[in-house]
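Q: File follows, upload_5.tsv with TSV, C-alpha atoms and all ligand atoms:
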```tsv
chain	number	residue	atom	x	y	z
A	519	MET	CA	92.28	91.25	136.01
A	520	THR	CA	91.89	94.83	134.78
A	521	ASP	CA	88.76	95.96	132.91
A	522	ALA	CA	90.81	96.09	129.72
A	523	ALA	CA	92.08	92.54	130.24
A	524	VAL	CA	88.56	91.30	130.91
A	525	ALA	CA	87.33	93.01	127.74
A	526	THR	CA	90.18	91.51	125.71
A	527	ALA	CA	89.54	88.05	127.10
A	528	ALA	CA	85.83	88.42	126.33
A	529	GLY	CA	86.64	89.55	122.78
A	530	ASP	CA	88.99	86.60	122.22
A	531	ALA	CA	86.39	84.20	123.52
A	532	ALA	CA	83.70	85.71	121.30
A	533	ALA	CA	85.84	85.53	118.16
A	534	SER	CA	86.64	81.94	119.07
A	535	ALA	CA	83.08	80.97	120.00
A	536	PRO	CA	81.77	78.00	118.02
A	537	THR	CA	79.86	79.13	114.96
A	538	GLY	CA	79.34	75.79	113.19
A	539	ARG	CA	79.35	77.59	109.85
A	540	SER	CA	80.22	76.10	106.46
A	541	VAL	CA	83.60	77.56	105.55
A	542	LEU	CA	85.65	77.43	102.36
A	543	VAL	CA	89.30	78.53	102.38
A	544	THR	CA	90.98	78.69	98.98
A	545	GLY	CA	94.63	77.65	99.02
A	546	GLY	CA	94.06	76.04	102.39
A	547	ASN	CA	96.71	73.36	102.02
A	548	ARG	CA	99.66	75.42	103.29
A	549	GLY	CA	100.80	78.80	104.57
A	550	ILE	CA	98.24	81.37	105.69
A	551	GLY	CA	95.31	79.39	104.27
A	552	LEU	CA	96.15	76.30	106.32
A	553	ALA	CA	96.51	78.39	109.50
A	554	VAL	CA	93.10	79.97	108.83
A	555	ALA	CA	91.52	76.58	108.18
A	556	ARG	CA	92.93	75.20	111.45
A	557	SER	CA	91.84	78.25	113.41
A	558	LEU	CA	88.25	78.16	112.14
A	559	ALA	CA	88.00	74.39	112.56
A	560	ALA	CA	89.18	74.79	116.17
A	561	ARG	CA	86.29	77.24	116.66
A	562	GLY	CA	83.86	74.53	115.59
A	563	ASP	CA	83.23	75.51	111.98
A	564	ARG	CA	82.86	72.91	109.22
A	565	VAL	CA	85.90	73.75	107.14
A	566	ALA	CA	86.65	72.85	103.53
A	567	VAL	CA	89.87	73.81	101.80
A	568	THR	CA	90.90	73.86	98.20
A	569	TYR	CA	94.26	72.46	97.23
A	570	ARG	CA	95.75	72.59	93.77
A	571	THR	CA	98.95	70.56	94.00
A	572	GLY	CA	100.47	68.08	96.42
A	573	GLU	CA	98.60	66.17	99.09
A	574	PRO	CA	95.37	67.40	100.68
A	575	PRO	CA	95.86	68.48	104.30
A	576	ALA	CA	94.45	66.13	106.93
A	577	GLY	CA	91.45	67.07	109.02
A	578	PHE	CA	89.38	69.02	106.49
A	579	LEU	CA	87.14	68.37	103.55
A	580	ALA	CA	89.73	68.94	100.81
A	581	VAL	CA	88.65	69.71	97.26
A	582	ARG	CA	91.18	69.75	94.46
A	583	CYS	CA	90.65	73.02	92.63
A	584	ASP	CA	92.60	75.48	90.53
A	585	VAL	CA	90.83	78.77	91.23
A	586	THR	CA	91.66	80.08	87.75
A	587	ASP	CA	89.41	77.40	86.25
A	588	GLU	CA	85.67	78.19	86.33
A	589	GLU	CA	84.58	74.56	85.99
A	590	GLN	CA	86.76	73.43	88.87
A	591	VAL	CA	85.50	76.27	91.06
A	592	GLU	CA	81.89	75.47	90.26
A	593	ARG	CA	82.50	71.82	91.10
A	594	ALA	CA	84.25	72.75	94.35
A	595	PHE	CA	81.29	74.85	95.54
A	596	LYS	CA	78.91	71.98	94.69
A	597	GLU	CA	81.07	69.44	96.56
A	598	VAL	CA	81.29	71.67	99.60
A	599	ALA	CA	77.54	72.36	99.61
A	600	ALA	CA	76.77	68.64	99.35
A	601	ALA	CA	79.16	67.70	102.16
A	602	GLN	CA	78.73	70.50	104.70
A	603	GLY	CA	76.06	72.90	103.41
A	604	PRO	CA	76.27	76.01	101.21
A	605	VAL	CA	79.33	78.16	101.86
A	606	GLU	CA	78.61	80.75	104.57
A	607	VAL	CA	82.20	81.90	105.12
A	608	LEU	CA	84.62	82.40	102.25
A	609	VAL	CA	88.29	83.11	102.79
A	610	ALA	CA	89.76	83.96	99.38
A	611	ASN	CA	93.39	83.31	100.15
A	612	ALA	CA	94.95	81.51	97.16
A	613	GLY	CA	97.60	83.69	95.58
A	614	ILE	CA	100.90	83.73	93.76
A	615	ALA	CA	103.77	86.14	93.26
A	616	ARG	CA	105.75	86.47	90.01
A	617	ASP	CA	108.02	89.42	90.49
A	618	GLY	CA	110.06	91.45	88.03
A	619	LEU	CA	110.39	95.04	86.90
A	620	LEU	CA	107.57	95.89	84.50
A	621	PRO	CA	109.64	96.55	81.36
A	622	ALA	CA	110.98	93.00	81.64
A	623	LEU	CA	107.90	91.31	83.06
A	624	ALA	CA	106.66	88.59	80.70
A	625	ASP	CA	103.02	88.62	79.63
A	626	ASP	CA	102.46	85.15	81.04
A	627	ALA	CA	103.64	86.31	84.48
A	628	VAL	CA	101.28	89.31	84.37
A	629	ASP	CA	98.40	87.09	83.26
A	630	ALA	CA	99.07	84.44	85.91
A	631	VAL	CA	99.21	86.99	88.72
A	632	LEU	CA	96.11	88.92	87.64
A	633	ASP	CA	94.18	85.70	86.93
A	634	THR	CA	95.00	84.11	90.27
A	635	ASN	CA	95.07	87.10	92.59
A	636	LEU	CA	92.18	89.15	91.19
A	637	ARG	CA	90.07	87.41	88.56
A	638	ALA	CA	89.87	84.15	90.51
A	639	VAL	CA	88.93	85.99	93.71
A	640	MET	CA	86.07	87.61	91.80
A	641	ARG	CA	85.11	84.14	90.58
A	642	VAL	CA	85.01	82.53	94.03
A	643	ALA	CA	83.31	85.59	95.52
A	644	ARG	CA	80.58	85.33	92.89
A	645	HIS	CA	79.95	81.66	93.70
A	646	ALA	CA	80.03	82.45	97.41
A	647	SER	CA	77.53	85.33	96.99
A	648	ARG	CA	75.09	82.97	95.32
A	649	ALA	CA	75.53	80.48	98.16
A	650	MET	CA	75.13	83.12	100.89
A	651	ILE	CA	72.23	85.19	99.60
A	652	GLY	CA	69.59	82.52	100.39
A	653	GLY	CA	70.76	82.23	103.99
A	654	ARG	CA	70.84	86.01	104.48
A	655	TRP	CA	74.14	85.64	106.38
A	656	GLY	CA	77.68	85.51	105.17
A	657	ARG	CA	81.27	86.50	105.75
A	658	MET	CA	83.85	87.01	103.04
A	659	VAL	CA	87.48	87.86	103.72
A	660	LEU	CA	89.80	88.59	100.80
A	661	ILE	CA	93.52	88.28	101.48
A	662	SER	CA	95.28	91.30	99.99
A	663	SER	CA	98.70	92.65	100.99
A	664	ALA	CA	100.23	95.68	102.68
A	665	VAL	CA	102.22	96.37	99.51
A	666	ALA	CA	98.94	97.07	97.68
A	667	PHE	CA	99.01	100.39	99.52
A	668	THR	CA	102.71	101.21	99.65
A	669	GLY	CA	103.62	100.02	96.17
A	670	SER	CA	106.62	97.77	95.70
A	671	PRO	CA	109.21	97.82	92.94
A	672	GLY	CA	109.11	94.60	90.95
A	673	GLN	CA	105.54	93.88	92.01
A	674	THR	CA	103.39	95.92	89.62
A	675	ALA	CA	101.09	93.04	88.70
A	676	TYR	CA	100.93	91.70	92.26
A	677	THR	CA	100.14	95.08	93.82
A	678	ALA	CA	97.65	95.97	91.08
A	679	ALA	CA	95.77	92.74	91.72
A	680	LYS	CA	95.92	93.09	95.52
A	681	ALA	CA	94.75	96.73	95.35
A	682	GLY	CA	91.94	95.60	93.05
A	683	LEU	CA	90.63	93.39	95.85
A	684	VAL	CA	89.78	96.49	97.86
A	685	GLY	CA	87.50	97.85	95.13
A	686	LEU	CA	86.01	94.40	94.67
A	687	ALA	CA	85.33	94.00	98.41
A	688	ARG	CA	83.81	97.46	98.76
A	689	SER	CA	81.48	97.15	95.76
A	690	LEU	CA	80.43	93.71	96.92
A	691	ALA	CA	79.87	95.05	100.44
A	692	TRP	CA	77.33	97.45	98.90
A	693	GLU	CA	75.71	94.72	96.83
A	694	LEU	CA	75.34	92.27	99.72
A	695	GLY	CA	75.10	94.40	102.85
A	696	ARG	CA	71.34	94.31	103.16
A	697	ARG	CA	71.44	90.51	103.03
A	698	GLY	CA	73.53	90.34	106.19
A	699	ILE	CA	76.71	89.54	104.29
A	700	THR	CA	79.96	91.33	105.10
A	701	VAL	CA	82.97	91.59	102.81
A	702	ASN	CA	86.32	92.64	104.24
A	703	VAL	CA	89.98	92.65	103.30
A	704	VAL	CA	92.94	91.51	105.37
A	705	ALA	CA	96.24	93.03	104.31
A	706	PRO	CA	99.21	91.11	105.71
A	707	GLY	CA	102.76	92.40	105.71
A	708	LEU	CA	105.58	89.87	105.86
A	709	VAL	CA	104.37	86.41	106.82
A	710	GLU	CA	106.55	83.36	107.38
A	711	THR	CA	105.41	81.11	104.54
A	712	ASP	CA	106.83	79.56	101.37
A	713	MET	CA	106.00	82.82	99.55
A	714	LEU	CA	108.29	84.80	101.82
A	715	ARG	CA	111.14	82.35	101.24
A	716	GLU	CA	111.12	83.43	97.59
A	717	VAL	CA	111.93	87.06	98.48
A	718	ARG	CA	115.59	88.07	98.03
A	719	PRO	CA	117.40	88.48	101.39
A	720	ALA	CA	118.34	92.12	100.64
A	721	ARG	CA	114.71	92.96	99.85
A	722	LEU	CA	113.56	91.18	102.96
A	723	GLU	CA	115.90	93.33	105.04
A	724	GLN	CA	114.37	96.45	103.45
A	725	TYR	CA	110.86	95.30	104.32
A	726	LEU	CA	111.89	94.47	107.89
A	727	ALA	CA	113.39	97.94	108.23
A	728	MET	CA	109.98	99.35	107.22
A	729	THR	CA	108.17	97.19	109.80
A	730	PRO	CA	107.89	98.76	113.28
A	731	LEU	CA	107.51	95.36	114.93
A	732	GLY	CA	110.76	94.33	113.23
A	733	ARG	CA	109.77	90.78	112.36
A	734	ALA	CA	107.56	88.77	110.07
A	735	ALA	CA	104.18	87.49	111.27
A	736	THR	CA	103.37	83.87	111.81
A	737	PRO	CA	100.50	82.56	109.67
A	738	GLU	CA	98.56	82.12	112.91
A	739	GLU	CA	98.72	85.87	113.57
A	740	VAL	CA	96.98	86.50	110.25
A	741	ALA	CA	94.50	83.72	110.96
A	742	ALA	CA	93.49	85.46	114.21
A	743	ALA	CA	92.33	88.52	112.25
A	744	VAL	CA	90.40	86.36	109.81
A	745	ARG	CA	88.81	84.50	112.71
A	746	PHE	CA	87.56	87.77	114.17
A	747	LEU	CA	86.20	89.14	110.88
A	748	THR	CA	84.35	85.87	110.21
A	749	SER	CA	82.96	85.60	113.74
A	750	GLU	CA	79.45	86.28	114.97
A	751	GLN	CA	80.92	89.34	116.72
A	752	ALA	CA	81.99	91.16	113.55
A	753	THR	CA	78.42	92.07	112.63
A	754	TYR	CA	78.99	95.74	111.79
A	755	ILE	CA	82.28	95.67	109.91
A	756	THR	CA	82.13	95.59	106.14
A	757	GLY	CA	84.20	97.10	103.36
A	758	ALA	CA	87.09	97.43	105.80
A	759	VAL	CA	90.76	96.80	105.23
A	760	LEU	CA	92.44	95.30	108.29
A	761	PRO	CA	96.24	95.50	108.13
A	762	VAL	CA	98.06	92.64	109.85
A	763	SER	CA	101.43	93.99	108.95
A	764	GLY	CA	103.40	94.78	112.09
A	765	GLY	CA	102.93	98.41	111.04
A	766	LEU	CA	104.38	98.01	107.54
A	767	GLY	CA	102.62	100.63	105.43
A	768	MET	CA	100.63	102.04	108.34
A	769	GLY	CA	98.59	105.11	107.51
A	770	HIS	CA	97.77	104.01	103.99
A	801	LIG	P1	101.94	80.19	99.91
A	801	LIG	O1	102.78	80.32	98.69
A	801	LIG	O2	102.48	79.52	101.13
A	801	LIG	O3	100.55	79.49	99.55
A	801	LIG	C1	99.80	79.91	98.45
A	801	LIG	C2	98.53	79.10	98.40
A	801	LIG	O4	97.76	79.53	97.27
A	801	LIG	C3	98.80	77.61	98.22
A	801	LIG	O5	97.83	76.88	98.93
A	801	LIG	C4	98.60	77.43	96.73
A	801	LIG	O6	98.25	76.12	96.34
A	801	LIG	C5	97.44	78.37	96.50
A	801	LIG	N1	97.28	78.70	95.09
A	801	LIG	C6	98.10	79.42	94.30
A	801	LIG	N2	97.62	79.46	93.04
A	801	LIG	C7	96.47	78.76	93.05
A	801	LIG	C8	95.51	78.43	92.07
A	801	LIG	N3	95.61	78.83	90.80
A	801	LIG	N4	94.45	77.68	92.43
A	801	LIG	C9	94.32	77.23	93.70
A	801	LIG	N5	95.19	77.50	94.68
A	801	LIG	C10	96.25	78.25	94.34
A	801	LIG	O7	101.51	81.68	100.22
A	801	LIG	P2	100.98	82.40	101.53
A	801	LIG	O8	100.32	81.46	102.44
A	801	LIG	O9	102.07	83.25	102.02
A	801	LIG	O10	99.93	83.37	100.85
A	801	LIG	C11	98.54	83.29	101.03
A	801	LIG	C12	97.94	84.61	100.58
A	801	LIG	O11	98.48	85.66	101.38
A	801	LIG	C13	98.27	84.97	99.14
A	801	LIG	O12	97.15	85.56	98.54
A	801	LIG	C14	99.40	85.98	99.28
A	801	LIG	O13	99.46	86.84	98.18
A	801	LIG	C15	99.00	86.68	100.55
A	801	LIG	N6	100.08	87.37	101.24
A	801	LIG	C16	101.19	86.69	101.68
A	801	LIG	C17	102.21	87.38	102.31
A	801	LIG	C18	103.45	86.71	102.82
A	801	LIG	O14	104.39	87.43	103.24
A	801	LIG	N7	103.54	85.41	102.85
A	801	LIG	C19	102.12	88.84	102.52
A	801	LIG	C20	100.89	89.44	102.05
A	801	LIG	C21	99.93	88.72	101.43
A	801	LIG	P3	99.41	75.07	95.90
A	801	LIG	O15	99.99	74.53	97.18
A	801	LIG	O16	98.71	74.06	95.12
A	801	LIG	O17	100.41	75.85	95.10
```
What do you get writing this file as structure tokens?
Ligand code: NDP
A:
Amino acid sequence: MTDAAVATAAGDAAASAPTGRSVLVTGGNRGIGLAVARSLAARGDRVAVTYRTGEPPAGFLAVRCDVTDEEQVERAFKEVAAAQGPVEVLVANAGIARDGLLPALADDAVDAVLDTNLRAVMRVARHASRAMIGGRWGRMVLISSAVAFTGSPGQTAYTAAKAGLVGLARSLAWELGRRGITVNVVAPGLVETDMLREVRPARLEQYLAMTPLGRAATPEEVAAAVRFLTSEQATYITGAVLPVSGGLGMGH
């Protein structure tokens, strides 16, 4: 094995080392959230997920919760704390897309996207901060998007909300840094989930043409970045934006 291979193997092992932390993943019932939940559970964390519709996924503490509803979020944090201890790792993943050119974009679509993708992230981050401060340790990862940096026609509300997460993460990183709590952003490009299946084929081709790796990511590839940022190894990374985009939007 070369030195580089040894270092990589050591890094993988460290990011995968059991942490036994209390984790909450919002929108953990499918897509990227479910892959993150599985990855952190495999590392030995106690993982809770929120689900809003459908059946709860097997293998985790599952709490029914619409993140746009303050009462439901408050209840979810209480349930998680009672079952597995106060949240020490938050992955704010729940999100929606409602696309359309701005002149024709209905108010309810704008409201739904901003409420879910920005306001609700601020809500869960606030609850998580309260849970983490006492323990003087915490990891938050907010799931943004590569298009927050490139812009994307038809996605004004979505990109505004996802770009807003960067400001939120960086201000919170300042507020919580001295308590041993890090706040980072993961910015995926195309990821093979239900959300991607809603993108028009012609648009998808355009995005693929802008992606050096020439393919969409699997949810597990995004989960690997989240696993590292929430690991015991990522002690000195905060306020960072980690693209997991196959190069889509690189340099932004
Ligand atoms: P999916 O559509 O597969 O899953 C979205 C998840 O968010 C579901 O679990 C859904 O719950 C949950 N959710 C949506 N609204 C709410 C709400 N109000 N309250 C609680 N949960 C809610 O999407 P992805 O897995 O692809 O997306 C996950 C995140 O990654 C999102 O923030 C998305 O914007 C982001 N992202 C995705 C990319 C992609 O190409 N797929 C690219 C870049 C970023 P339910 O099942 O109940 O609807």
Q: Which residues of chain A sit at most 7 Å from ligand LIG 801 (chain A), using all atoms listed in the file? Give each one's shortest atom pair and distance in Å (one decimal place), in chain and ascending residue order, as CSV.
A:
```
residue,atom,partner,partner_atom,distance
A:Thr544,CA,A:LIG801,N5,6.1
A:Gly545,CA,A:LIG801,O5,3.3
A:Gly546,CA,A:LIG801,O5,5.2
A:Asn547,CA,A:LIG801,O5,4.8
A:Arg548,CA,A:LIG801,O5,4.9
A:Gly549,CA,A:LIG801,O8,3.4
A:Ile550,CA,A:LIG801,O8,3.9
A:Gly551,CA,A:LIG801,O8,5.7
A:Thr568,CA,A:LIG801,C9,6.6
A:Tyr569,CA,A:LIG801,O16,5.2
A:Arg570,CA,A:LIG801,O16,3.6
A:Thr571,CA,A:LIG801,O16,3.7
A:Gly572,CA,A:LIG801,O16,6.4
A:Cys583,CA,A:LIG801,C9,5.7
A:Asp584,CA,A:LIG801,N4,3.4
A:Val585,CA,A:LIG801,N4,4.0
A:Thr586,CA,A:LIG801,N3,5.1
A:Asn611,CA,A:LIG801,O12,4.7
A:Ala612,CA,A:LIG801,O4,3.4
A:Gly613,CA,A:LIG801,O12,3.5
A:Ile614,CA,A:LIG801,C6,5.2
A:Ala615,CA,A:LIG801,O13,6.6
A:Thr634,CA,A:LIG801,N3,5.3
A:Asn635,CA,A:LIG801,O12,6.5
A:Ile661,CA,A:LIG801,O12,5.4
A:Ser662,CA,A:LIG801,C21,5.5
A:Ser663,CA,A:LIG801,C20,4.0
A:Ala664,CA,A:LIG801,C20,6.3
A:Ala705,CA,A:LIG801,C20,6.3
A:Pro706,CA,A:LIG801,C20,4.4
A:Gly707,CA,A:LIG801,C19,4.8
A:Leu708,CA,A:LIG801,O14,3.8
A:Val709,CA,A:LIG801,O14,3.7
A:Glu710,CA,A:LIG801,N7,5.8
A:Thr711,CA,A:LIG801,O9,4.7
A:Asp712,CA,A:LIG801,O2,4.4
A:Met713,CA,A:LIG801,O1,4.2
A:Leu714,CA,A:LIG801,N7,4.9
```
Q: For Met658 in chain A, which residue out of A:Glu597, A:Glu606, A:Asp626, A:Asp617 is the nearest one, using all atoms listed in the file?
A: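 Looking at the shortest contact to Met658 in chain A, the residue is A:Glu606.
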Q: Find the residues near Val659 in chain A: any atom within 10 Å, counting all atoms listed in the file, skip ones fewer than 5 places away on the same chain, and give them as a list in words.
A: Val543, Val607, Leu608, Val609, Ala610, Asn611, Ala643, Ala687, Thr700, Val701, Asn702, Val703, Val704, Ala743, Val744, Arg745, Leu747, Thr748, Thr756, Gly757, Ala758 and Val759 of chain A
Q: Applying 10 Å and only C-alpha atoms, which residues near Gly603 in chain A remain after dropping the ones on its own chain fewer than 5 positions away? List them as a PyMOL selection string.
A: chain A and resi 539-541+564+595-598+649
Q: What does the distance from CA of Pro671 in chain A to CA of Met640 in chain A come to in Å, to one decimal?
A: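 According to the coordinates, CA of Pro671 in chain A and CA of Met640 in chain A are separated by 25.3 Å.
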Q: For Gly685 in chain A, which residue out of A:Leu623, A:Leu636, A:Ala752, A:Ile699 is the nearest one, using only C-alpha atoms?
A: A:Leu636
Q: Tell me, in Å to one decimal, how far CA of Ala734 in chain A is from CA of Leu683 in chain A.
A: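 So the answer is 22.6 Å.
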Q: Looking at A:Thr677, A:Ala580, A:Thr537, A:Gly652, which one is nearest to Phe746 in chain A, with distances taken over all atoms listed in the file?
A: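 Answer, going by the shortest atom-to-atom distance: A:Thr537.
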Q: Between CA of Arg561 in chain A and CA of Gly656 in chain A, measure the distance and give it in Å to one decimal.
A: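 Taking CA of Arg561 in chain A and CA of Gly656 in chain A, their separation equals 16.6 Å.
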Q: Pick the closest to Ala678 in chain A from A:Leu632, A:Leu694, A:Met650, A:Leu726: which is it, counting all atoms listed in the file?
A: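 Of the candidates, the smallest distance to Ala678 in chain A is held by A:Leu632.
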Q: Which is closest to Ala627 in chain A among A:Ala675, A:Ile651, A:Val567, A:Ala601, if we use all atoms listed in the file?
A: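 Of all the options, A:Ala675 lies closest to Ala627 in chain A.
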Q: For Thr729 in chain A, which residue among A:Tyr676, A:Leu766, A:Gln590, A:Arg657 is the nearest when counting only C-alpha atoms?
A: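 Selected residue with least distance to Thr729 in chain A: A:Leu766.
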Q: Within 9 Å of Ala559 in chain A, counting all atoms listed in the file, which residues qualify if same-chain residues fewer than 4 places away don't, as a ChimeraX atom specification?
A: /A:538,541,554-555,563-565,577-578
Q: Using the file's own x, y and z axes, what box holds all listed atoms of range 569-583 of chain A with 4 Å on each side, keeping edges along x, y and z, and what are its centre and edge lengths in Å to one decimal, as JSON?
A:
```
{"center_x": 93.8, "center_y": 69.6, "center_z": 100.8, "size_x": 21.3, "size_y": 14.9, "size_z": 24.4}
```
Q: Since the input is missing atoms for range 591-614 of chain A, could you rebuild it with N, CA and C atoms and give the result as a PDB file, keeping the file's coordinate frame?
A:
```pdb
ATOM      1  N   VAL A 591      86.057  75.484  89.949  1.00  0.00           N
ATOM      2  CA  VAL A 591      85.500  76.270  91.060  1.00  0.00           C
ATOM      3  C   VAL A 591      84.022  75.921  91.261  1.00  0.00           C
ATOM      4  N   GLU A 592      83.307  75.820  90.164  1.00  0.00           N
ATOM      5  CA  GLU A 592      81.890  75.470  90.260  1.00  0.00           C
ATOM      6  C   GLU A 592      81.725  74.106  90.931  1.00  0.00           C
ATOM      7  N   ARG A 593      82.566  73.167  90.511  1.00  0.00           N
ATOM      8  CA  ARG A 593      82.500  71.820  91.100  1.00  0.00           C
ATOM      9  C   ARG A 593      82.843  71.867  92.595  1.00  0.00           C
ATOM     10  N   ALA A 594      83.837  72.663  92.937  1.00  0.00           N
ATOM     11  CA  ALA A 594      84.250  72.750  94.350  1.00  0.00           C
ATOM     12  C   ALA A 594      83.093  73.265  95.209  1.00  0.00           C
ATOM     13  N   PHE A 595      82.412  74.318  94.754  1.00  0.00           N
ATOM     14  CA  PHE A 595      81.290  74.850  95.540  1.00  0.00           C
ATOM     15  C   PHE A 595      80.174  73.808  95.677  1.00  0.00           C
ATOM     16  N   LYS A 596      79.945  73.029  94.611  1.00  0.00           N
ATOM     17  CA  LYS A 596      78.910  71.980  94.690  1.00  0.00           C
ATOM     18  C   LYS A 596      79.323  70.907  95.697  1.00  0.00           C
ATOM     19  N   GLU A 597      80.591  70.489  95.637  1.00  0.00           N
ATOM     20  CA  GLU A 597      81.070  69.440  96.560  1.00  0.00           C
ATOM     21  C   GLU A 597      80.960  69.911  98.001  1.00  0.00           C
ATOM     22  N   VAL A 598      81.337  71.142  98.239  1.00  0.00           N
ATOM     23  CA  VAL A 598      81.290  71.670  99.600  1.00  0.00           C
ATOM     24  C   VAL A 598      79.837  71.735 100.083  1.00  0.00           C
ATOM     25  N   ALA A 599      78.951  72.246  99.220  1.00  0.00           N
ATOM     26  CA  ALA A 599      77.540  72.360  99.610  1.00  0.00           C
ATOM     27  C   ALA A 599      76.961  70.985  99.937  1.00  0.00           C
ATOM     28  N   ALA A 600      77.315  69.983  99.122  1.00  0.00           N
ATOM     29  CA  ALA A 600      76.770  68.640  99.350  1.00  0.00           C
ATOM     30  C   ALA A 600      77.288  68.060 100.659  1.00  0.00           C
ATOM     31  N   ALA A 601      78.537  68.330 100.985  1.00  0.00           N
ATOM     32  CA  ALA A 601      79.160  67.700 102.160  1.00  0.00           C
ATOM     33  C   ALA A 601      78.885  68.438 103.463  1.00  0.00           C
ATOM     34  N   GLN A 602      78.829  69.775 103.422  1.00  0.00           N
ATOM     35  CA  GLN A 602      78.730  70.500 104.700  1.00  0.00           C
ATOM     36  C   GLN A 602      77.777  71.699 104.644  1.00  0.00           C
ATOM     37  N   GLY A 603      77.008  71.795 103.558  1.00  0.00           N
ATOM     38  CA  GLY A 603      76.060  72.900 103.410  1.00  0.00           C
ATOM     39  C   GLY A 603      76.663  74.029 102.594  1.00  0.00           C
ATOM     40  N   PRO A 604      75.790  74.898 102.044  1.00  0.00           N
ATOM     41  CA  PRO A 604      76.270  76.010 101.210  1.00  0.00           C
ATOM     42  C   PRO A 604      77.290  76.860 101.964  1.00  0.00           C
ATOM     43  N   VAL A 605      78.259  77.371 101.230  1.00  0.00           N
ATOM     44  CA  VAL A 605      79.330  78.160 101.860  1.00  0.00           C
ATOM     45  C   VAL A 605      78.742  79.404 102.535  1.00  0.00           C
ATOM     46  N   GLU A 606      79.050  79.570 103.816  1.00  0.00           N
ATOM     47  CA  GLU A 606      78.610  80.750 104.570  1.00  0.00           C
ATOM     48  C   GLU A 606      79.775  81.681 104.887  1.00  0.00           C
ATOM     49  N   VAL A 607      80.985  81.116 104.870  1.00  0.00           N
ATOM     50  CA  VAL A 607      82.200  81.900 105.120  1.00  0.00           C
ATOM     51  C   VAL A 607      83.200  81.571 104.026  1.00  0.00           C
ATOM     52  N   LEU A 608      83.594  82.594 103.287  1.00  0.00           N
ATOM     53  CA  LEU A 608      84.620  82.400 102.250  1.00  0.00           C
ATOM     54  C   LEU A 608      85.881  83.150 102.654  1.00  0.00           C
ATOM     55  N   VAL A 609      86.999  82.452 102.628  1.00  0.00           N
ATOM     56  CA  VAL A 609      88.290  83.110 102.790  1.00  0.00           C
ATOM     57  C   VAL A 609      89.044  82.919 101.478  1.00  0.00           C
ATOM     58  N   ALA A 610      89.108  84.006 100.694  1.00  0.00           N
ATOM     59  CA  ALA A 610      89.760  83.960  99.380  1.00  0.00           C
ATOM     60  C   ALA A 610      91.234  84.262  99.581  1.00  0.00           C
ATOM     61  N   ASN A 611      91.988  83.199  99.715  1.00  0.00           N
ATOM     62  CA  ASN A 611      93.390  83.310 100.150  1.00  0.00           C
ATOM     63  C   ASN A 611      94.380  82.915  99.064  1.00  0.00           C
ATOM     64  N   ALA A 612      93.988  82.029  98.160  1.00  0.00           N
ATOM     65  CA  ALA A 612      94.950  81.510  97.160  1.00  0.00           C
ATOM     66  C   ALA A 612      95.595  82.676  96.410  1.00  0.00           C
ATOM     67  N   GLY A 613      96.902  82.612  96.279  1.00  0.00           N
ATOM     68  CA  GLY A 613      97.600  83.690  95.580  1.00  0.00           C
ATOM     69  C   GLY A 613      98.995  83.273  95.180  1.00  0.00           C
ATOM     70  N   ILE A 614      99.528  83.991  94.211  1.00  0.00           N
ATOM     71  CA  ILE A 614     100.900  83.730  93.760  1.00  0.00           C
ATOM     72  C   ILE A 614     101.640  85.061  93.603  1.00  0.00           C
TER      73      ILE A 614
END
```
